[in-house]
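Content type mmCIF, C-alpha atoms, from the file input.cif:
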data_protein
#
loop_
_atom_site.group_PDB
_atom_site.id
_atom_site.type_symbol
_atom_site.label_atom_id
_atom_site.label_comp_id
_atom_site.auth_asym_id
_atom_site.auth_seq_id
_atom_site.Cartn_x
_atom_site.Cartn_y
_atom_site.Cartn_z
ATOM 1 C CA MET K 279 103.693 -187.697 36.589
ATOM 2 C CA THR K 280 100.354 -186.546 35.306
ATOM 3 C CA SER K 281 99.746 -182.996 34.210
ATOM 4 C CA GLY K 282 97.281 -182.447 37.091
ATOM 5 C CA LYS K 283 99.934 -183.417 39.624
ATOM 6 C CA LYS K 284 102.494 -181.169 37.901
ATOM 7 C CA ILE K 285 100.140 -178.196 38.059
ATOM 8 C CA LEU K 286 99.392 -178.914 41.733
ATOM 9 C CA LEU K 287 103.118 -179.227 42.498
ATOM 10 C CA ILE K 288 103.870 -175.956 40.689
ATOM 11 C CA ALA K 289 101.012 -174.230 42.556
ATOM 12 C CA VAL K 290 102.317 -175.490 45.903
ATOM 13 C CA ILE K 291 105.850 -174.332 45.052
ATOM 14 C CA VAL K 292 104.580 -170.887 43.995
ATOM 15 C CA ILE K 293 102.545 -170.573 47.212
ATOM 16 C CA VAL K 294 105.527 -171.638 49.348
ATOM 17 C CA VAL K 295 107.845 -169.177 47.531
ATOM 18 C CA LEU K 296 105.303 -166.366 47.978
ATOM 19 C CA ALA K 297 104.811 -167.226 51.660
ATOM 20 C CA VAL K 298 108.566 -167.284 52.268
ATOM 21 C CA SER K 299 108.947 -163.969 50.386
ATOM 22 C CA VAL K 300 106.183 -162.272 52.372
ATOM 23 C CA PHE K 301 107.570 -163.630 55.645
ATOM 24 C CA SER K 302 111.082 -162.445 54.733
ATOM 25 C CA PHE K 303 109.760 -159.001 53.835
ATOM 26 C CA PHE K 304 107.866 -158.667 57.129
ATOM 27 C CA LYS K 305 110.755 -160.021 59.169
ATOM 28 C CA GLY K 306 113.343 -157.859 57.406
ATOM 29 C CA SER K 307 111.234 -154.710 57.673
ATOM 30 C CA TYR K 308 110.389 -155.277 61.326
ATOM 31 C CA ASN K 309 114.011 -155.971 62.229
ATOM 32 C CA LYS K 310 115.119 -152.862 60.313
ATOM 33 C CA PHE K 311 112.624 -150.738 62.258
ATOM 34 C CA VAL K 312 113.802 -152.198 65.554
ATOM 35 C CA THR K 313 117.447 -151.552 64.648
ATOM 36 C CA LEU K 314 116.746 -147.955 63.589
ATOM 37 C CA ASP K 315 114.571 -147.316 66.667
ATOM 38 C CA GLU K 316 117.358 -148.574 68.925
ATOM 39 C CA GLY K 317 119.811 -146.372 67.006
ATOM 40 C CA VAL K 318 117.646 -143.325 67.761
ATOM 41 C CA LYS K 319 117.483 -144.306 71.446
ATOM 42 C CA SER K 320 121.240 -144.825 71.575
ATOM 43 C CA ALA K 321 121.907 -141.472 69.911
ATOM 44 C CA TRP K 322 119.549 -139.771 72.362
ATOM 45 C CA ALA K 323 121.363 -141.434 75.261
ATOM 46 C CA GLN K 324 124.606 -139.874 74.014
ATOM 47 C CA VAL K 325 122.929 -136.460 73.828
ATOM 48 C CA GLU K 326 121.711 -136.929 77.401
ATOM 49 C CA ASN K 327 125.192 -137.979 78.475
ATOM 50 C CA GLN K 328 126.624 -134.675 77.252
ATOM 51 C CA LEU K 329 123.675 -132.685 78.615
ATOM 52 C CA GLN K 330 124.298 -134.281 82.014
ATOM 53 C CA ARG K 331 127.948 -133.250 81.788
ATOM 54 C CA ARG K 332 126.879 -129.652 81.152
ATOM 55 C CA TYR K 333 124.276 -129.914 83.918
ATOM 56 C CA ASP K 334 126.988 -131.017 86.346
ATOM 57 C CA LEU K 335 129.419 -128.247 85.328
ATOM 58 C CA ILE K 336 126.965 -125.381 85.675
ATOM 59 C CA PRO K 337 126.882 -125.155 89.510
ATOM 60 C CA ASN K 338 130.686 -124.767 89.583
ATOM 61 C CA LEU K 339 130.575 -122.117 86.885
ATOM 62 C CA VAL K 340 127.745 -120.245 88.620
ATOM 63 C CA GLU K 341 129.535 -120.300 91.996
ATOM 64 C CA THR K 342 132.725 -118.949 90.424
ATOM 65 C CA VAL K 343 130.830 -116.166 88.684
ATOM 66 C CA LYS K 344 128.854 -115.347 91.852
ATOM 67 C CA GLY K 345 132.032 -114.360 93.624
ATOM 68 C CA TYR K 346 132.681 -111.716 90.990
ATOM 69 C CA ALA K 347 129.226 -110.661 89.873
ATOM 70 C CA LYS K 348 126.944 -110.389 92.874
ATOM 71 C CA GLN K 349 124.940 -107.625 91.210
ATOM 72 C CA GLU K 350 124.058 -109.916 88.256
ATOM 73 C CA LYS K 351 121.796 -112.162 90.327
ATOM 74 C CA ASP K 352 118.986 -112.240 87.756
ATOM 75 C CA VAL K 353 121.151 -113.988 85.172
ATOM 76 C CA LEU K 354 122.486 -116.436 87.739
ATOM 77 C CA VAL K 355 118.970 -117.210 88.989
ATOM 78 C CA GLU K 356 117.842 -117.719 85.396
ATOM 79 C CA VAL K 357 120.678 -120.208 84.753
ATOM 80 C CA THR K 358 119.910 -122.049 87.984
ATOM 81 C CA ASN K 359 116.176 -122.203 87.205
ATOM 82 C CA ALA K 360 116.832 -123.385 83.647
ATOM 83 C CA ARG K 361 119.145 -126.085 85.013
ATOM 84 C CA ALA K 362 116.383 -127.199 87.406
ATOM 85 C CA ARG K 363 113.915 -127.454 84.495
ATOM 86 C CA VAL K 364 116.427 -129.673 82.673
ATOM 87 C CA GLY K 365 116.624 -131.925 85.713
ATOM 88 C CA GLY K 366 112.836 -132.184 85.898
ATOM 89 C CA ALA K 367 112.139 -132.844 82.214
ATOM 90 C CA ALA K 368 110.787 -136.330 81.563
ATOM 91 C CA THR K 369 110.019 -136.675 77.852
ATOM 92 C CA VAL K 370 112.340 -136.114 74.900
ATOM 93 C CA PRO K 371 110.436 -132.987 73.727
ATOM 94 C CA ASP K 372 110.447 -131.592 77.300
ATOM 95 C CA LYS K 373 114.182 -132.265 77.584
ATOM 96 C CA ILE K 374 114.808 -130.556 74.249
ATOM 97 C CA ASN K 375 112.833 -127.467 75.321
ATOM 98 C CA ALA K 376 114.454 -127.323 78.750
ATOM 99 C CA ASN K 377 117.944 -127.631 77.280
ATOM 100 C CA ASN K 378 117.177 -124.920 74.742
ATOM 101 C CA GLU K 379 116.203 -122.632 77.646
ATOM 102 C CA LEU K 380 119.428 -123.550 79.423
ATOM 103 C CA THR K 381 121.449 -122.750 76.302
ATOM 104 C CA GLY K 382 119.860 -119.281 76.177
ATOM 105 C CA ALA K 383 120.517 -118.665 79.867
ATOM 106 C CA LEU K 384 124.161 -119.723 79.473
ATOM 107 C CA SER K 385 124.543 -117.301 76.572
ATOM 108 C CA ARG K 386 123.345 -114.462 78.804
ATOM 109 C CA LEU K 387 125.737 -115.623 81.546
ATOM 110 C CA LEU K 388 128.661 -115.410 79.136
ATOM 111 C CA VAL K 389 127.644 -111.834 78.278
ATOM 112 C CA VAL K 390 127.858 -111.065 82.022
ATOM 113 C CA VAL K 391 131.326 -112.585 82.087
ATOM 114 C CA GLU K 392 132.481 -110.168 79.386
ATOM 115 C CA LYS K 393 131.769 -107.312 81.798
ATOM 116 C CA TYR K 394 134.231 -108.597 84.400
ATOM 117 C CA PRO K 395 137.875 -108.674 83.253
ATOM 118 C CA ASP K 396 139.062 -110.040 86.638
ATOM 119 C CA LEU K 397 136.723 -112.995 86.287
ATOM 120 C CA LYS K 398 137.983 -113.782 82.803
ATOM 121 C CA SER K 399 141.528 -114.039 84.121
ATOM 122 C CA ASN K 400 140.631 -116.274 87.100
ATOM 123 C CA GLN K 401 142.154 -119.742 86.517
ATOM 124 C CA ASN K 402 139.221 -121.644 88.006
ATOM 125 C CA PHE K 403 136.820 -119.776 85.805
ATOM 126 C CA LEU K 404 138.967 -120.261 82.704
ATOM 127 C CA ARG K 405 139.164 -123.992 83.330
ATOM 128 C CA LEU K 406 135.401 -124.244 83.876
ATOM 129 C CA GLN K 407 134.714 -122.104 80.835
ATOM 130 C CA ASP K 408 136.933 -124.374 78.706
ATOM 131 C CA GLU K 409 135.145 -127.441 80.083
ATOM 132 C CA LEU K 410 131.776 -125.887 79.298
ATOM 133 C CA ALA K 411 132.883 -124.891 75.790
ATOM 134 C CA GLY K 412 134.132 -128.439 75.169
ATOM 135 C CA THR K 413 130.879 -129.829 76.472
ATOM 136 C CA GLU K 414 128.865 -127.522 74.231
ATOM 137 C CA ASN K 415 130.868 -128.817 71.250
ATOM 138 C CA ARG K 416 130.213 -132.405 72.310
ATOM 139 C CA ILE K 417 126.522 -131.634 72.674
ATOM 140 C CA ALA K 418 126.464 -130.196 69.151
ATOM 141 C CA VAL K 419 128.107 -133.340 67.751
ATOM 142 C CA GLU K 420 125.734 -135.652 69.621
ATOM 143 C CA ARG K 421 122.696 -133.576 68.578
ATOM 144 C CA LYS K 422 123.763 -134.003 64.957
ATOM 145 C CA ARG K 423 124.222 -137.748 65.392
ATOM 146 C CA TYR K 424 120.832 -137.981 67.067
ATOM 147 C CA ASN K 425 119.149 -135.981 64.296
ATOM 148 C CA ASP K 426 120.865 -138.166 61.667
ATOM 149 C CA ALA K 427 119.525 -141.284 63.423
ATOM 150 C CA VAL K 428 116.039 -139.725 63.650
ATOM 151 C CA GLN K 429 116.131 -138.852 59.961
ATOM 152 C CA GLY K 430 117.102 -142.398 58.938
ATOM 153 C CA TYR K 431 114.437 -143.891 61.167
ATOM 154 C CA ASN K 432 111.698 -141.476 60.051
ATOM 155 C CA VAL K 433 112.501 -142.049 56.374
ATOM 156 C CA ALA K 434 112.361 -145.824 56.881
ATOM 157 C CA ILE K 435 108.979 -145.800 58.623
ATOM 158 C CA ARG K 436 107.449 -143.363 56.103
ATOM 159 C CA SER K 437 108.662 -145.087 52.911
ATOM 160 C CA PHE K 438 106.208 -147.218 50.973
ATOM 161 C CA PRO K 439 105.449 -150.126 51.503
ATOM 162 C CA ALA K 440 107.361 -150.221 54.795
ATOM 163 C CA ASN K 441 105.101 -147.461 56.159
ATOM 164 C CA LEU K 442 102.195 -149.919 56.158
ATOM 165 C CA LEU K 443 104.155 -152.316 58.319
ATOM 166 C CA ALA K 444 105.507 -149.570 60.578
ATOM 167 C CA GLY K 445 101.959 -148.497 61.382
ATOM 168 C CA MET K 446 100.908 -152.100 62.041
ATOM 169 C CA PHE K 447 103.809 -152.656 64.423
ATOM 170 C CA GLY K 448 103.382 -149.319 66.235
ATOM 171 C CA PHE K 449 106.574 -147.588 65.099
ATOM 172 C CA GLY K 450 105.916 -143.834 65.327
ATOM 173 C CA LYS K 451 107.797 -140.796 64.121
ATOM 174 C CA ALA K 452 110.770 -139.717 66.274
ATOM 175 C CA THR K 453 111.313 -136.091 67.373
ATOM 176 C CA PHE K 454 114.211 -134.049 66.016
ATOM 177 C CA PHE K 455 116.352 -131.951 68.356
ATOM 178 C CA GLU K 456 115.648 -128.485 66.974
ATOM 179 C CA ALA K 457 117.241 -125.181 67.884
ATOM 180 C CA PRO K 458 114.939 -122.684 69.603
ATOM 181 C CA ALA K 459 113.799 -119.626 67.670
ATOM 182 C CA VAL K 460 116.099 -117.348 69.711
ATOM 183 C CA ALA K 461 119.138 -119.311 68.477
ATOM 184 C CA LYS K 462 118.441 -118.095 64.947
ATOM 185 C CA ALA K 463 119.166 -114.493 65.927
ATOM 186 C CA ALA K 464 122.754 -113.340 66.286
ATOM 187 C CA PRO K 465 123.664 -112.745 69.963
ATOM 188 C CA GLN K 466 124.305 -109.157 70.966
ATOM 189 C CA VAL K 467 127.326 -108.488 73.166
ATOM 190 C CA LYS K 468 127.381 -104.974 74.631
ATOM 191 C CA PHE K 469 130.214 -103.520 76.644
#

What do you get writing this file as structure tokens?
Amino acid sequence: MTSGKKILLIAVIVIVVLAVSVFSFFKGSYNKFVTLDEGVKSAWAQVENQLQRRYDLIPNLVETVKGYAKQEKDVLVEVTNARARVGGAATVPDKINANNELTGALSRLLVVVEKYPDLKSNQNFLRLQDELAGTENRIAVERKRYNDAVQGYNVAIRSFPANLLAGMFGFGKATFFEAPAVAKAAPQVKF
């Protein structure tokens, strides 16, 4: 083999190796983004699953409390309105905001409950309250899982050089589920 043919063969091999490497990088990065994006969507679906559970429990809780606390209509109306906003929210940020409002309204409802010792001893109410407390714990766990998935995804699409590919393929930053400002203040229970 002549030296010219050897150089040409080496050049072709180098070009093929580079092309395969670039293709593998693009394919691997794209597939990683897709996997992480689907992980974020799956985690959000689990959050929504638990939020739906809470949404379904609230009417029973409100009806039980109504029988005991007719004079506390404002709090009950607030919980009902917040629940309606949750049902009408369409985007992830809207759902986060609506659920944060609902969390605040439920906190005020539980303060009302503290005022009524008969209500606290009612078996139906106790069962519903336990269900709601369990659901709130599940929501907290799923929010954490969602935020962990969002963090992994956001880090992947912002890291160099993958961030160049993420922008080319249209992968955008995901939204964290953040606590509202009122959640940072300690709740006040007054008797």

Handout entry: Matched chain/residue IDs from the PyMOL selection byres ((chain K and resi 424-431) around 8), as JSON, numbers by chain
Key = {"K": [311, 314, 315, 317, 318, 321, 322, 325, 420, 421, 422, 423, 432, 433, 434, 435, 451, 452, 453, 454, 455]}

Practice task
List the neighbours of segment 377-392 of chain K out to 6 Å using all atoms listed in the file; skip same-chain residues closer than 3 positions along the sequence, and give me the result as a list in words.
Solution key: Val357, Ala360, Val364, Lys373 and Ile374 of chain K

Fill in the blank from the handout: From the list K:Ala444, K:Val312, K:Leu329, K:Val292, the nearest residue to Arg416 of chain K using all atoms listed in the file is K:Leu329

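Proximity ranking of K:Ile417, K:Met446, K:Leu406, K:Val300 relative to Ile336 of chain K places K:Leu406 first, based on only C-alpha atoms.
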
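The gap separating atom CA of Asp372 of chain K from atom CA of Ala418 of chain K is 18.0 Å, in Å to one decimal.
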
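You will find atom CA of Val298 of chain K at 27.0 Å from atom CA of Gly450 of chain K.
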
Exercise for the section: Tell me, in Å to one decimal, how far atom CA of Ser307 of chain K is from atom CA of Arg436 of chain K. Expected result: 12.1 Å
